[in-house]
file final.txt (compact mmCIF, C-alpha atoms)
# COMPACT_ATOMS: atom_id res chain seq x y z
CA MET A 1361 68.18 17.50 -66.27
CA ALA A 1362 68.86 13.93 -67.20
CA ASP A 1363 66.70 12.44 -64.50
CA LYS A 1364 63.57 10.65 -65.57
CA MET A 1365 60.83 9.15 -63.51
CA GLN A 1366 58.58 6.20 -64.08
CA PHE A 1367 54.98 7.20 -64.61
CA ASP A 1368 52.23 4.60 -64.36
CA PHE A 1369 48.71 5.61 -65.01
CA VAL A 1370 46.14 2.95 -64.25
CA SER A 1371 42.36 2.82 -64.41
CA PRO A 1372 40.32 -0.06 -62.99
CA GLU A 1373 39.89 -1.50 -66.45
CA ARG A 1374 43.38 -1.22 -67.85
CA ARG A 1375 46.83 0.32 -67.68
CA LEU A 1376 46.70 3.52 -69.69
CA VAL A 1377 50.26 4.75 -69.57
CA SER A 1378 53.52 3.28 -68.43
CA ALA A 1379 56.39 5.47 -69.49
CA GLU A 1380 59.46 7.42 -68.48
CA VAL A 1381 58.65 11.08 -68.11
CA ASP A 1382 60.25 14.29 -66.86
CA ARG A 1383 57.54 15.36 -64.44
CA VAL A 1384 53.92 14.75 -63.58
CA ALA A 1385 51.33 17.29 -62.47
CA ILE A 1386 48.61 15.84 -60.26
CA PRO A 1387 45.40 17.42 -58.97
CA GLY A 1388 45.78 16.45 -55.31
CA MET A 1389 42.96 16.70 -52.81
CA GLU A 1390 44.70 19.52 -51.01
CA GLY A 1391 46.02 21.30 -54.05
CA ASP A 1392 47.75 20.64 -57.34
CA LEU A 1393 51.24 19.32 -57.13
CA THR A 1394 53.97 18.45 -59.54
CA ALA A 1395 56.16 15.43 -58.93
CA LEU A 1396 59.71 15.51 -60.17
CA PRO A 1397 62.15 12.61 -60.04
CA ASN A 1398 63.31 11.82 -56.48
CA HIS A 1399 60.19 13.23 -54.91
CA ALA A 1400 59.71 12.26 -51.28
CA PRO A 1401 57.20 9.41 -50.78
CA LEU A 1402 53.71 10.85 -50.82
CA LEU A 1403 50.25 9.42 -50.97
CA THR A 1404 47.38 11.65 -51.91
CA THR A 1405 43.83 11.27 -53.08
CA LEU A 1406 42.76 13.05 -56.22
CA ARG A 1407 40.09 15.59 -56.82
CA PRO A 1408 38.50 15.99 -60.26
CA GLY A 1409 41.06 17.61 -62.50
CA VAL A 1410 43.69 17.06 -65.13
CA VAL A 1411 46.72 14.82 -64.77
CA ARG A 1412 49.58 15.98 -66.97
CA ALA A 1413 52.74 14.08 -67.72
CA TYR A 1414 55.53 16.04 -69.37
CA GLU A 1415 58.06 14.27 -71.51
CA GLY A 1416 60.50 16.38 -73.52
CA GLY A 1417 58.36 18.89 -75.32
CA SER A 1418 55.19 16.82 -75.31
CA VAL A 1419 52.54 16.50 -72.66
CA MET A 1420 49.98 13.78 -71.99
CA GLU A 1421 46.76 15.03 -70.49
CA TYR A 1422 44.05 12.96 -68.88
CA VAL A 1423 40.94 14.17 -67.12
CA VAL A 1424 40.27 12.21 -63.93
CA THR A 1425 37.28 12.29 -61.61
CA GLY A 1426 38.93 10.79 -58.57
CA GLY A 1427 41.30 8.15 -57.31
CA PHE A 1428 44.68 8.40 -55.68
CA ALA A 1429 48.34 8.84 -56.49
CA GLU A 1430 51.37 7.24 -54.95
CA ILE A 1431 54.61 9.08 -55.44
CA SER A 1432 57.97 7.60 -54.58
CA PRO A 1433 61.51 8.67 -55.47
CA ALA A 1434 61.45 6.28 -58.41
CA GLY A 1435 58.25 7.49 -59.95
CA ALA A 1436 54.57 8.20 -59.69
CA GLN A 1437 51.63 5.86 -59.88
CA VAL A 1438 48.26 7.38 -60.48
CA LEU A 1439 45.22 5.19 -59.91
CA ALA A 1440 42.27 6.97 -61.41
CA GLU A 1441 38.74 5.83 -60.89
CA GLU A 1442 37.74 7.19 -64.25
CA ALA A 1443 40.15 8.65 -66.78
CA VAL A 1444 39.50 10.16 -70.17
CA PRO A 1445 42.07 11.69 -72.54
CA ARG A 1446 41.57 15.43 -72.46
CA GLU A 1447 40.66 15.79 -76.12
CA GLU A 1448 37.87 13.22 -75.69
CA VAL A 1449 36.16 15.02 -72.84
CA THR A 1450 32.83 16.46 -73.90
CA ARG A 1451 30.42 18.75 -72.21
CA GLU A 1452 27.91 15.88 -72.00
CA TRP A 1453 30.37 13.66 -70.20
CA LEU A 1454 31.12 16.40 -67.72
CA ASP A 1455 27.45 17.17 -67.21
CA ALA A 1456 26.76 13.53 -66.47
CA ALA A 1457 29.61 13.49 -63.94
CA ILE A 1458 28.29 16.66 -62.32
CA LYS A 1459 24.79 15.21 -62.17
CA ASP A 1460 26.11 12.05 -60.47
CA ALA A 1461 28.02 14.14 -57.97
CA GLU A 1462 24.98 16.29 -57.24
CA GLU A 1463 22.85 13.21 -56.68
CA ALA A 1464 25.49 11.87 -54.32
CA LEU A 1465 25.47 15.21 -52.52
CA ALA A 1466 21.70 15.12 -52.19
CA VAL A 1467 21.75 11.77 -50.38
CA SER A 1468 25.03 12.19 -48.50
CA GLY A 1469 25.06 12.08 -44.75
CA GLU A 1470 26.31 14.71 -42.35
CA LYS A 1471 29.91 13.61 -42.54
CA ALA A 1472 30.21 13.13 -46.26
CA ARG A 1473 28.42 16.34 -47.19
CA ALA A 1474 31.47 18.61 -47.22
CA LEU A 1475 33.38 16.21 -49.44
CA ALA A 1476 30.48 15.72 -51.82
CA ALA A 1477 29.94 19.46 -52.12
CA LEU A 1478 33.63 19.92 -52.82
CA ARG A 1479 33.40 17.36 -55.55
CA VAL A 1480 30.51 19.12 -57.26
CA ASN A 1481 32.43 22.40 -57.14
CA ASP A 1482 35.59 20.81 -58.48
CA LEU A 1483 33.74 19.24 -61.38
CA LYS A 1484 32.10 22.55 -62.23
CA ALA A 1485 35.44 24.34 -62.06
CA LEU A 1486 36.90 21.70 -64.30
CA GLY A 1487 34.51 22.69 -67.06
CA GLY A 1488 35.81 26.25 -66.99
CA GLN A 1489 39.37 25.03 -66.88
CA LEU A 1490 38.90 22.94 -69.97
CA GLY A 1491 37.07 25.70 -71.80
CA LEU A 1492 33.90 23.66 -72.33
CA MET B 1 16.21 -53.59 -82.52
CA PRO B 2 15.71 -50.16 -84.04
CA SER B 3 15.07 -50.05 -87.75
CA LEU B 4 17.61 -48.73 -90.21
CA LYS B 5 15.63 -45.57 -90.65
CA ASP B 6 15.49 -44.90 -86.91
CA LEU B 7 19.25 -45.30 -86.66
CA LYS B 8 19.84 -42.94 -89.55
CA ILE B 9 17.64 -40.31 -87.91
CA ARG B 10 19.47 -40.65 -84.62
CA ILE B 11 22.87 -40.37 -86.25
CA ASN B 12 21.81 -37.21 -88.03
CA SER B 13 20.42 -35.67 -84.87
CA VAL B 14 23.60 -36.39 -82.91
CA LYS B 15 25.59 -34.95 -85.78
CA SER B 16 23.73 -31.65 -85.64
CA THR B 17 24.12 -31.58 -81.85
CA ARG B 18 27.84 -32.01 -82.36
CA LYS B 19 27.91 -29.10 -84.75
CA ILE B 20 26.22 -26.88 -82.18
CA THR B 21 28.49 -27.87 -79.30
CA LYS B 22 31.51 -27.43 -81.53
CA ALA B 23 30.39 -23.93 -82.47
CA MET B 24 29.70 -23.08 -78.82
CA GLN B 25 33.13 -24.29 -77.88
CA MET B 26 34.77 -22.05 -80.44
CA VAL B 27 32.71 -19.06 -79.42
CA ALA B 28 33.62 -19.70 -75.77
CA ALA B 29 37.29 -19.94 -76.70
CA ALA B 30 37.18 -16.56 -78.41
CA LYS B 31 35.29 -15.00 -75.55
CA LEU B 32 37.60 -16.58 -73.03
CA ARG B 33 40.59 -14.88 -74.57
CA ARG B 34 38.89 -11.54 -74.34
CA ALA B 35 37.70 -12.14 -70.79
CA GLN B 36 41.15 -13.23 -69.74
CA GLU B 37 42.71 -10.12 -71.23
CA ALA B 38 40.18 -7.96 -69.40
CA ALA B 39 40.91 -9.73 -66.13
CA GLU B 40 44.64 -9.28 -66.59
CA ALA B 41 44.31 -5.64 -67.59
CA ALA B 42 42.42 -4.93 -64.38
CA ARG B 43 45.02 -6.57 -62.18
CA PRO B 44 47.55 -3.72 -61.78
CA TYR B 45 44.90 -1.42 -60.37
CA ALA B 46 43.55 -3.97 -57.93
CA GLU B 47 47.02 -4.98 -56.79
CA ARG B 48 48.17 -1.43 -56.21
CA MET B 49 44.96 -0.57 -54.42
CA ASN B 50 45.32 -3.61 -52.21
CA ALA B 51 48.96 -2.89 -51.39
CA VAL B 52 48.31 0.73 -50.50
CA LEU B 53 45.31 -0.14 -48.37
CA ALA B 54 47.12 -2.95 -46.61
CA ASN B 55 49.84 -0.48 -45.77
CA LEU B 56 47.36 2.07 -44.50
CA ALA B 57 45.29 -0.48 -42.61
CA ARG B 58 48.30 -1.72 -40.70
CA GLY B 59 48.92 1.71 -39.31
CA ALA B 60 45.28 2.54 -38.66
CA ASN B 61 44.01 3.11 -35.16
CA PRO B 62 41.54 0.29 -34.43
CA ASP B 63 39.26 2.59 -32.43
CA THR B 64 38.85 5.39 -34.91
CA ALA B 65 39.29 3.53 -38.21
CA PRO B 66 36.38 3.66 -40.67
CA ARG B 67 33.68 1.12 -40.04
CA LEU B 68 34.37 -0.53 -43.36
CA LEU B 69 37.69 -1.62 -41.93
CA ARG B 70 36.95 -2.47 -38.32
CA GLY B 71 33.38 -3.67 -38.89
CA THR B 72 30.30 -2.92 -36.87
CA GLY B 73 31.56 -4.75 -33.83
CA SER B 74 29.22 -7.66 -34.37
CA ASP B 75 28.85 -10.43 -36.91
CA ARG B 76 25.21 -11.25 -36.50
CA VAL B 77 23.90 -10.48 -39.97
CA HIS B 78 25.75 -11.80 -42.98
CA LEU B 79 25.25 -10.64 -46.53
CA LEU B 80 26.29 -13.16 -49.14
CA ILE B 81 26.84 -11.77 -52.61
CA VAL B 82 26.70 -14.69 -55.00
CA ALA B 83 28.01 -13.96 -58.47
CA THR B 84 27.21 -16.50 -61.15
CA ALA B 85 26.66 -16.53 -64.90
CA GLU B 86 23.64 -15.36 -66.82
CA ARG B 87 23.62 -18.47 -68.92
CA GLY B 88 23.96 -22.18 -68.40
CA LEU B 89 25.63 -24.88 -70.47
CA CYS B 90 28.95 -24.30 -68.80
CA GLY B 91 29.51 -27.51 -66.88
CA GLY B 92 29.55 -27.29 -63.13
CA PHE B 93 30.44 -23.61 -63.09
CA ASN B 94 27.25 -22.20 -61.62
CA SER B 95 26.53 -25.17 -59.40
CA SER B 96 29.95 -25.14 -57.79
CA ILE B 97 29.61 -21.50 -56.77
CA VAL B 98 26.10 -22.10 -55.50
CA ARG B 99 27.26 -25.17 -53.60
CA LEU B 100 29.92 -23.16 -51.80
CA ALA B 101 27.38 -20.47 -50.98
CA ARG B 102 24.87 -23.04 -49.77
CA GLU B 103 27.41 -24.64 -47.44
CA ARG B 104 28.14 -21.22 -46.00
CA ILE B 105 24.46 -20.43 -45.58
CA GLU B 106 23.84 -23.68 -43.73
CA ARG B 107 26.83 -23.15 -41.50
CA LEU B 108 25.84 -19.60 -40.65
CA LYS B 109 22.28 -20.68 -39.98
CA ALA B 110 23.51 -23.45 -37.69
CA GLU B 111 25.48 -20.82 -35.80
CA GLY B 112 22.31 -18.85 -35.35
CA LYS B 113 23.33 -15.98 -37.60
CA GLN B 114 21.01 -14.11 -39.88
CA VAL B 115 21.74 -14.54 -43.57
CA LYS B 116 20.84 -12.26 -46.46
CA ILE B 117 21.47 -13.08 -50.08
CA LEU B 118 22.18 -10.82 -53.00
CA THR B 119 22.72 -12.52 -56.32
CA ILE B 120 24.45 -11.34 -59.44
CA GLY B 121 23.56 -13.39 -62.49
CA ARG B 122 20.41 -15.29 -63.31
CA LYS B 123 21.63 -18.84 -62.78
CA GLY B 124 22.61 -18.41 -59.17
CA ARG B 125 19.32 -16.77 -58.39
CA GLU B 126 17.34 -19.63 -59.90
CA GLN B 127 19.23 -22.22 -57.91
CA LEU B 128 19.17 -20.40 -54.59
CA LYS B 129 15.66 -19.08 -54.87
CA ARG B 130 14.26 -22.59 -54.63
CA GLU B 131 15.49 -23.07 -51.09
CA TYR B 132 16.14 -19.64 -49.71
CA ALA B 133 13.56 -17.37 -51.29
CA ASP B 134 12.88 -15.70 -47.94
CA LEU B 135 16.53 -14.68 -47.51
CA PHE B 136 16.77 -12.72 -50.74
CA VAL B 137 17.34 -9.00 -50.45
CA GLY B 138 18.19 -8.25 -54.03
CA HIS B 139 19.34 -9.33 -57.43
CA VAL B 140 21.56 -7.65 -59.99
CA ASP B 141 20.69 -8.38 -63.58
CA LEU B 142 23.65 -8.21 -65.93
CA SER B 143 22.03 -10.04 -68.82
CA GLY B 144 21.93 -6.85 -70.89
CA VAL B 145 25.60 -6.16 -70.29
CA LYS B 146 27.89 -7.43 -73.00
CA ARG B 147 31.14 -6.38 -71.47
CA ILE B 148 31.41 -5.84 -67.77
CA GLY B 149 32.71 -2.37 -67.08
CA TYR B 150 33.86 -0.76 -63.89
CA ALA B 151 30.61 1.20 -63.89
CA ASN B 152 28.64 -2.03 -63.32
CA ALA B 153 30.77 -2.97 -60.35
CA HIS B 154 30.58 0.56 -59.06
CA GLU B 155 26.81 0.45 -59.08
CA ILE B 156 26.70 -2.84 -57.22
CA ALA B 157 29.21 -1.57 -54.68
CA HIS B 158 27.16 1.57 -54.25
CA ASP B 159 24.08 -0.48 -53.45
CA ILE B 160 25.97 -2.67 -51.00
CA LEU B 161 27.58 0.29 -49.26
CA ALA B 162 24.22 2.00 -48.91
CA ARG B 163 22.86 -1.14 -47.25
CA PHE B 164 25.88 -1.24 -44.96
CA GLU B 165 25.40 2.38 -43.98
CA GLY B 166 21.75 1.59 -43.35
CA GLY B 167 22.82 -1.10 -40.90
CA GLU B 168 21.32 -3.95 -42.91
CA PHE B 169 24.25 -6.28 -42.35
CA ASP B 170 27.55 -6.65 -40.50
CA VAL B 171 29.64 -8.84 -42.76
CA ALA B 172 29.62 -9.05 -46.55
CA THR B 173 31.16 -11.90 -48.48
CA LEU B 174 31.49 -12.22 -52.23
CA PHE B 175 31.21 -15.62 -53.89
CA TYR B 176 32.70 -16.13 -57.32
CA ALA B 177 34.93 -18.53 -59.22
CA ARG B 178 38.59 -17.68 -59.54
CA PHE B 179 40.04 -18.48 -62.91
CA LYS B 180 42.99 -20.82 -62.58
CA SER B 181 43.02 -22.39 -65.99
CA VAL B 182 40.64 -23.55 -68.68
CA ILE B 183 40.02 -26.80 -66.85
CA SER B 184 40.14 -25.47 -63.33
CA GLN B 185 38.03 -22.73 -61.80
CA VAL B 186 38.08 -22.41 -58.06
CA PRO B 187 34.92 -21.27 -56.28
CA THR B 188 36.05 -18.63 -53.82
CA ALA B 189 34.53 -16.76 -50.92
CA GLN B 190 36.03 -13.35 -50.33
CA GLN B 191 35.14 -11.13 -47.45
CA LEU B 192 34.49 -7.56 -48.54
CA ILE B 193 33.26 -5.91 -45.36
CA PRO B 194 34.97 -5.55 -42.95
CA ALA B 195 37.91 -5.32 -45.30
CA VAL B 196 40.65 -7.90 -45.08
CA PHE B 197 43.86 -7.56 -46.99
CA GLU B 198 45.76 -10.54 -48.15
CA GLN B 199 49.41 -9.91 -48.26
CA ASP B 200 52.15 -12.28 -49.15
CA GLU B 201 54.85 -12.55 -46.57
CA ALA B 202 57.56 -10.81 -48.49
CA ALA B 203 55.44 -7.69 -48.73
CA ALA B 204 54.38 -7.89 -45.09
CA ASN B 205 57.95 -8.15 -43.88
CA ALA B 206 59.33 -5.52 -46.18
CA PRO B 207 60.12 -2.31 -44.39
CA ALA B 208 57.16 -0.03 -44.74
CA VAL B 209 57.94 3.07 -46.74
CA VAL B 210 57.08 6.13 -44.75
CA TYR B 211 54.74 8.20 -46.81
CA ASP B 212 53.55 11.70 -46.43
CA TYR B 213 49.80 11.68 -46.55
CA GLU B 214 47.60 14.28 -48.11
CA PRO B 215 45.00 14.53 -46.58
CA GLU B 216 45.77 12.59 -43.39
CA GLU B 217 45.78 8.81 -43.33
CA GLU B 218 42.31 8.30 -41.99
CA ALA B 219 40.73 10.54 -44.57
CA ILE B 220 42.51 8.63 -47.31
CA LEU B 221 41.34 5.36 -45.81
CA ALA B 222 37.79 6.61 -45.65
CA ASP B 223 38.02 7.63 -49.28
CA LEU B 224 39.69 4.50 -50.54
CA LEU B 225 37.79 1.78 -48.71
CA PRO B 226 34.52 2.25 -50.63
CA ARG B 227 36.51 2.31 -53.85
CA SER B 228 38.23 -0.87 -52.82
CA VAL B 229 34.87 -2.62 -52.44
CA ALA B 230 34.02 -1.65 -56.01
CA THR B 231 37.44 -2.75 -57.21
CA GLN B 232 37.13 -6.12 -55.55
CA ILE B 233 33.68 -6.70 -56.98
CA PHE B 234 34.95 -5.64 -60.39
CA ALA B 235 37.89 -8.02 -60.16
CA GLY B 236 35.56 -10.79 -58.99
CA LEU B 237 33.17 -10.25 -61.88
CA LEU B 238 35.98 -10.30 -64.40
CA GLU B 239 37.43 -13.49 -62.94
CA ASN B 240 33.94 -14.93 -63.01
CA ALA B 241 33.47 -14.04 -66.66
CA ALA B 242 36.76 -15.69 -67.60
CA SER B 243 35.90 -18.75 -65.50
CA GLU B 244 32.49 -19.04 -67.09
CA GLN B 245 33.92 -19.07 -70.58
CA GLY B 246 36.64 -21.50 -69.54
CA ALA B 247 34.10 -23.83 -67.98
CA ARG B 248 31.85 -23.59 -71.01
CA MET B 249 34.72 -24.27 -73.32
CA SER B 250 35.75 -27.47 -71.57
CA ALA B 251 32.13 -28.57 -71.11
CA MET B 252 31.47 -28.10 -74.80
CA ASP B 253 34.71 -29.82 -75.71
CA ASN B 254 33.55 -32.82 -73.71
CA ALA B 255 30.12 -32.71 -75.28
CA THR B 256 31.62 -32.59 -78.76
CA ARG B 257 33.84 -35.55 -78.01
CA ASN B 258 30.95 -37.55 -76.54
CA ALA B 259 28.82 -36.80 -79.58
CA GLY B 260 31.64 -38.04 -81.81
CA GLU B 261 31.87 -41.31 -79.85
CA MET B 262 28.14 -41.74 -80.02
CA ILE B 263 28.13 -41.22 -83.77
CA ASP B 264 30.84 -43.86 -84.16
CA LYS B 265 28.87 -46.34 -82.08
CA LEU B 266 25.62 -45.67 -83.89
CA THR B 267 27.33 -45.90 -87.27
CA ILE B 268 28.71 -49.34 -86.41
CA GLU B 269 25.28 -50.46 -85.30
CA TYR B 270 23.77 -49.03 -88.47
CA ASN B 271 26.26 -50.85 -90.68
CA ARG B 272 25.74 -54.13 -88.80
CA SER B 273 21.99 -54.02 -89.21
CA ARG B 274 22.37 -53.10 -92.86
CA GLN B 275 24.67 -56.12 -93.35
CA ALA B 276 22.19 -58.33 -91.51
CA ALA B 277 19.35 -57.12 -93.68
CA ILE B 278 21.31 -57.81 -96.88
CA THR B 279 22.32 -61.28 -95.66
CA LYS B 280 18.74 -62.02 -94.79
CA GLU B 281 17.54 -61.00 -98.23
CA LEU B 282 20.23 -63.10 -99.91
CA ILE B 283 19.27 -66.15 -97.88
CA GLU B 284 15.66 -65.64 -98.84
CA ILE B 285 16.50 -65.42 -102.55
CA ILE B 286 18.83 -68.40 -102.49
CA SER B 287 16.48 -70.65 -100.56
CA GLY B 288 13.66 -69.53 -102.86
CA ALA B 289 15.74 -70.52 -105.92
CA GLU B 290 16.67 -73.87 -104.38
CA ALA B 291 13.05 -74.70 -103.69
CA LEU B 292 12.19 -74.44 -107.38
call {"tool": "encode", "arguments": {"input": "final.txt", "output": "structure tokens"}}
result
Amino acid sequence: MADKMQFDFVSPERRLVSAEVDRVAIPGMEGDLTALPNHAPLLTTLRPGVVRAYEGGSVMEYVVTGGFAEISPAGAQVLAEEAVPREEVTREWLDAAIKDAEEALAVSGEKARALAALRVNDLKALGGQLGL
Amino acid sequence: MPSLKDLKIRINSVKSTRKITKAMQMVAAAKLRRAQEAAEAARPYAERMNAVLANLARGANPDTAPRLLRGTGSDRVHLLIVATAERGLCGGFNSSIVRLARERIERLKAEGKQVKILTIGRKGREQLKREYADLFVGHVDLSGVKRIGYANAHEIAHDILARFEGGEFDVATLFYARFKSVISQVPTAQQLIPAVFEQDEAAANAPAVVYDYEPEEEAILADLLPRSVATQIFAGLLENAASEQGARMSAMDNATRNAGEMIDKLTIEYNRSRQAAITKELIEIISGAEAL
């Protein structure tokens, strides 16, 4: 498989990764998905989870709390609201994120409640996933 | 005619002023570089966000689109978010932003609209509070913040969005100075709510890529628009920080140069009066000797 895709990973403060990779796994709002080169154009929002970019035998892992991803045949662009390299994620950081989400849930209106609740659940699940 | 001693004191005082302005200029130059880097690093995110939203907004149904995009259907109450610096001594930086905001306030008032003001940064608050104290709805203090992070912008955006949801205003505009170069910072008014997307023509005319959306377009829009407000505020604050340092740098450069000129002038005057004093003493001695 000689095909490579361009992977751009951007946070509001800076560009974190811009590299050629084999494939990218993204925690989409409606389920995890993996983008390979020549993927059909897709725009999805992110739920809290881990973005993984595979290149050869190595893998880059970033924990994101939200944002969106734009996938085109040429590559994938992930715009994360907050992104932390997986090995730097601590229980405290996650707890703070969960607390924020719970506060948001507490004040959310009728319409936003389902989304906010989903977010709290996702963040809690993330802790188990990461083994924290 | 000031005495020799007075002149000497003045020269020394201007010299120490020059040292301070010189130091401030160098500090501003170092900070400017950092601020500029931060502003540039944040650009890819803001640009992408803008492009995606512009694309989505074009296809959105005007009747069912989120209120952040189509507005409340009225433009009676305006919220002006005025972002300035926490500190002065940066030339006309703060005043030029405030002037732009003031013009807008007067115009809106003349049109019979209601105006609310939210300031970010101490200097803008001081200047606006004098005239428009009754219009203030809030102030964001960033004096404790050394480096503006996305979290700061997020908090401000959160506050603004909560006010919007609460029906406190219809239109929100952000005032800040765009950084063009060290000598030129352009005060800018940018409308945040309802969202407008600037697009250059090439992008607007380019064939729109047909995306699959997950979840559907409107849900994405509803999710992204609040984020976009935070992103725009963040970008504005970063531009502002770079502009402030740029303005301070050129103001301090001017001040240093003026101090130098003043020292030269005072030194000439000092030397002249010293010469005059010596000549006078000589004349006195000579005429005294002749009289004997």
call {"tool": "residues_around", "arguments": {"input": "final.txt", "residues": "A:Asp1460", "least_positions_apart": "5", "cutoff": "9 Å", "atoms": "all atoms listed in the file", "output": "PyMOL selection string"}}
result
chain A and resi 1455+1465+1480
call {"tool": "atom_distance", "arguments": {"input": "final.txt", "atom1": "atom CA of A:Pro1372", "atom2": "atom CA of B:Met249"}}
result
26.9 Å
call {"tool": "closest_residue", "arguments": {"input": "final.txt", "among": "B:Lys129, B:Lys5, B:Lys146, B:Arg227", "to": "B:His158", "atoms": "only C-alpha atoms"}}
result
B:Arg227
call {"tool": "closest_atom_pairs", "arguments": {"input": "final.txt", "of": "stretch 151-224 of chain B", "to": "stretch 1428-1446 of chain A", "cutoff": "9 Å", "atoms": "only C-alpha atoms", "output": "JSON lines"}}
result
{"residue": "B:Tyr211", "atom": "CA", "partner": "A:Ser1432", "partner_atom": "CA", "distance": 8.4}
{"residue": "B:Ile220", "atom": "CA", "partner": "A:Phe1428", "partner_atom": "CA", "distance": 8.6}
{"residue": "B:Leu224", "atom": "CA", "partner": "A:Phe1428", "partner_atom": "CA", "distance": 8.2}
call {"tool": "write_last_selection", "arguments": {"input": "final.txt", "atoms": "C-alpha atoms", "output": "PDB file, keeping the file's coordinate frame"}}
result
ATOM      1  CA  TYR B 211      54.740   8.200 -46.810  1.00  0.00           C
ATOM      2  CA  ILE B 220      42.510   8.630 -47.310  1.00  0.00           C
ATOM      3  CA  LEU B 224      39.690   4.500 -50.540  1.00  0.00           C
TER       4      LEU B 224
END
call {"tool": "closest_residue", "arguments": {"input": "final.txt", "among": "A:Val1424, A:Leu1475, A:Ile1458, A:Ala1466", "to": "chain B", "atoms": "only C-alpha atoms"}}
result
A:Leu1475
call {"tool": "decode", "arguments": {"input": "final.txt", "residues": "stretch 11-16 of chain B", "atoms": "all heavy atoms", "output": "short mmCIF file (atom, residue, chain, number, x, y, z; two decimals), in the first residue's frame"}}
result
data_model
loop_
_atom_site.label_atom_id
_atom_site.label_comp_id
_atom_site.auth_asym_id
_atom_site.auth_seq_id
_atom_site.Cartn_x
_atom_site.Cartn_y
_atom_site.Cartn_z
N ILE B 11 19.62 67.47 32.01
CA ILE B 11 20.24 66.52 31.08
C ILE B 11 20.25 65.12 31.69
O ILE B 11 19.87 64.14 31.05
CB ILE B 11 21.68 66.96 30.74
CG1 ILE B 11 21.64 68.22 29.89
CG2 ILE B 11 22.40 65.85 29.99
CD1 ILE B 11 23.00 68.82 29.63
N ASN B 12 20.63 65.04 32.96
CA ASN B 12 20.67 63.73 33.59
C ASN B 12 19.29 63.09 33.66
O ASN B 12 19.15 61.89 33.46
CB ASN B 12 21.26 63.85 35.00
CG ASN B 12 22.77 63.95 34.94
OD1 ASN B 12 23.37 63.47 33.97
ND2 ASN B 12 23.37 64.59 35.91
N SER B 13 18.27 63.91 33.93
CA SER B 13 16.94 63.31 34.05
C SER B 13 16.46 62.82 32.69
O SER B 13 15.87 61.74 32.58
CB SER B 13 15.97 64.31 34.70
OG SER B 13 15.04 64.78 33.76
N VAL B 14 16.74 63.60 31.62
CA VAL B 14 16.33 63.12 30.30
C VAL B 14 17.09 61.86 29.92
O VAL B 14 16.56 60.94 29.30
CB VAL B 14 16.53 64.22 29.23
CG1 VAL B 14 16.16 63.71 27.86
CG2 VAL B 14 15.70 65.43 29.56
N LYS B 15 18.36 61.81 30.36
CA LYS B 15 19.15 60.62 30.05
C LYS B 15 18.55 59.38 30.69
O LYS B 15 18.48 58.32 30.06
CB LYS B 15 20.59 60.80 30.54
CG LYS B 15 21.50 61.38 29.48
CD LYS B 15 22.94 61.35 29.95
CE LYS B 15 23.83 62.04 28.91
NZ LYS B 15 25.09 62.51 29.52
N SER B 16 18.10 59.51 31.94
CA SER B 16 17.55 58.30 32.57
C SER B 16 16.20 57.95 31.94
O SER B 16 15.86 56.78 31.81
CB SER B 16 17.46 58.44 34.08
OG SER B 16 16.77 59.60 34.41
#
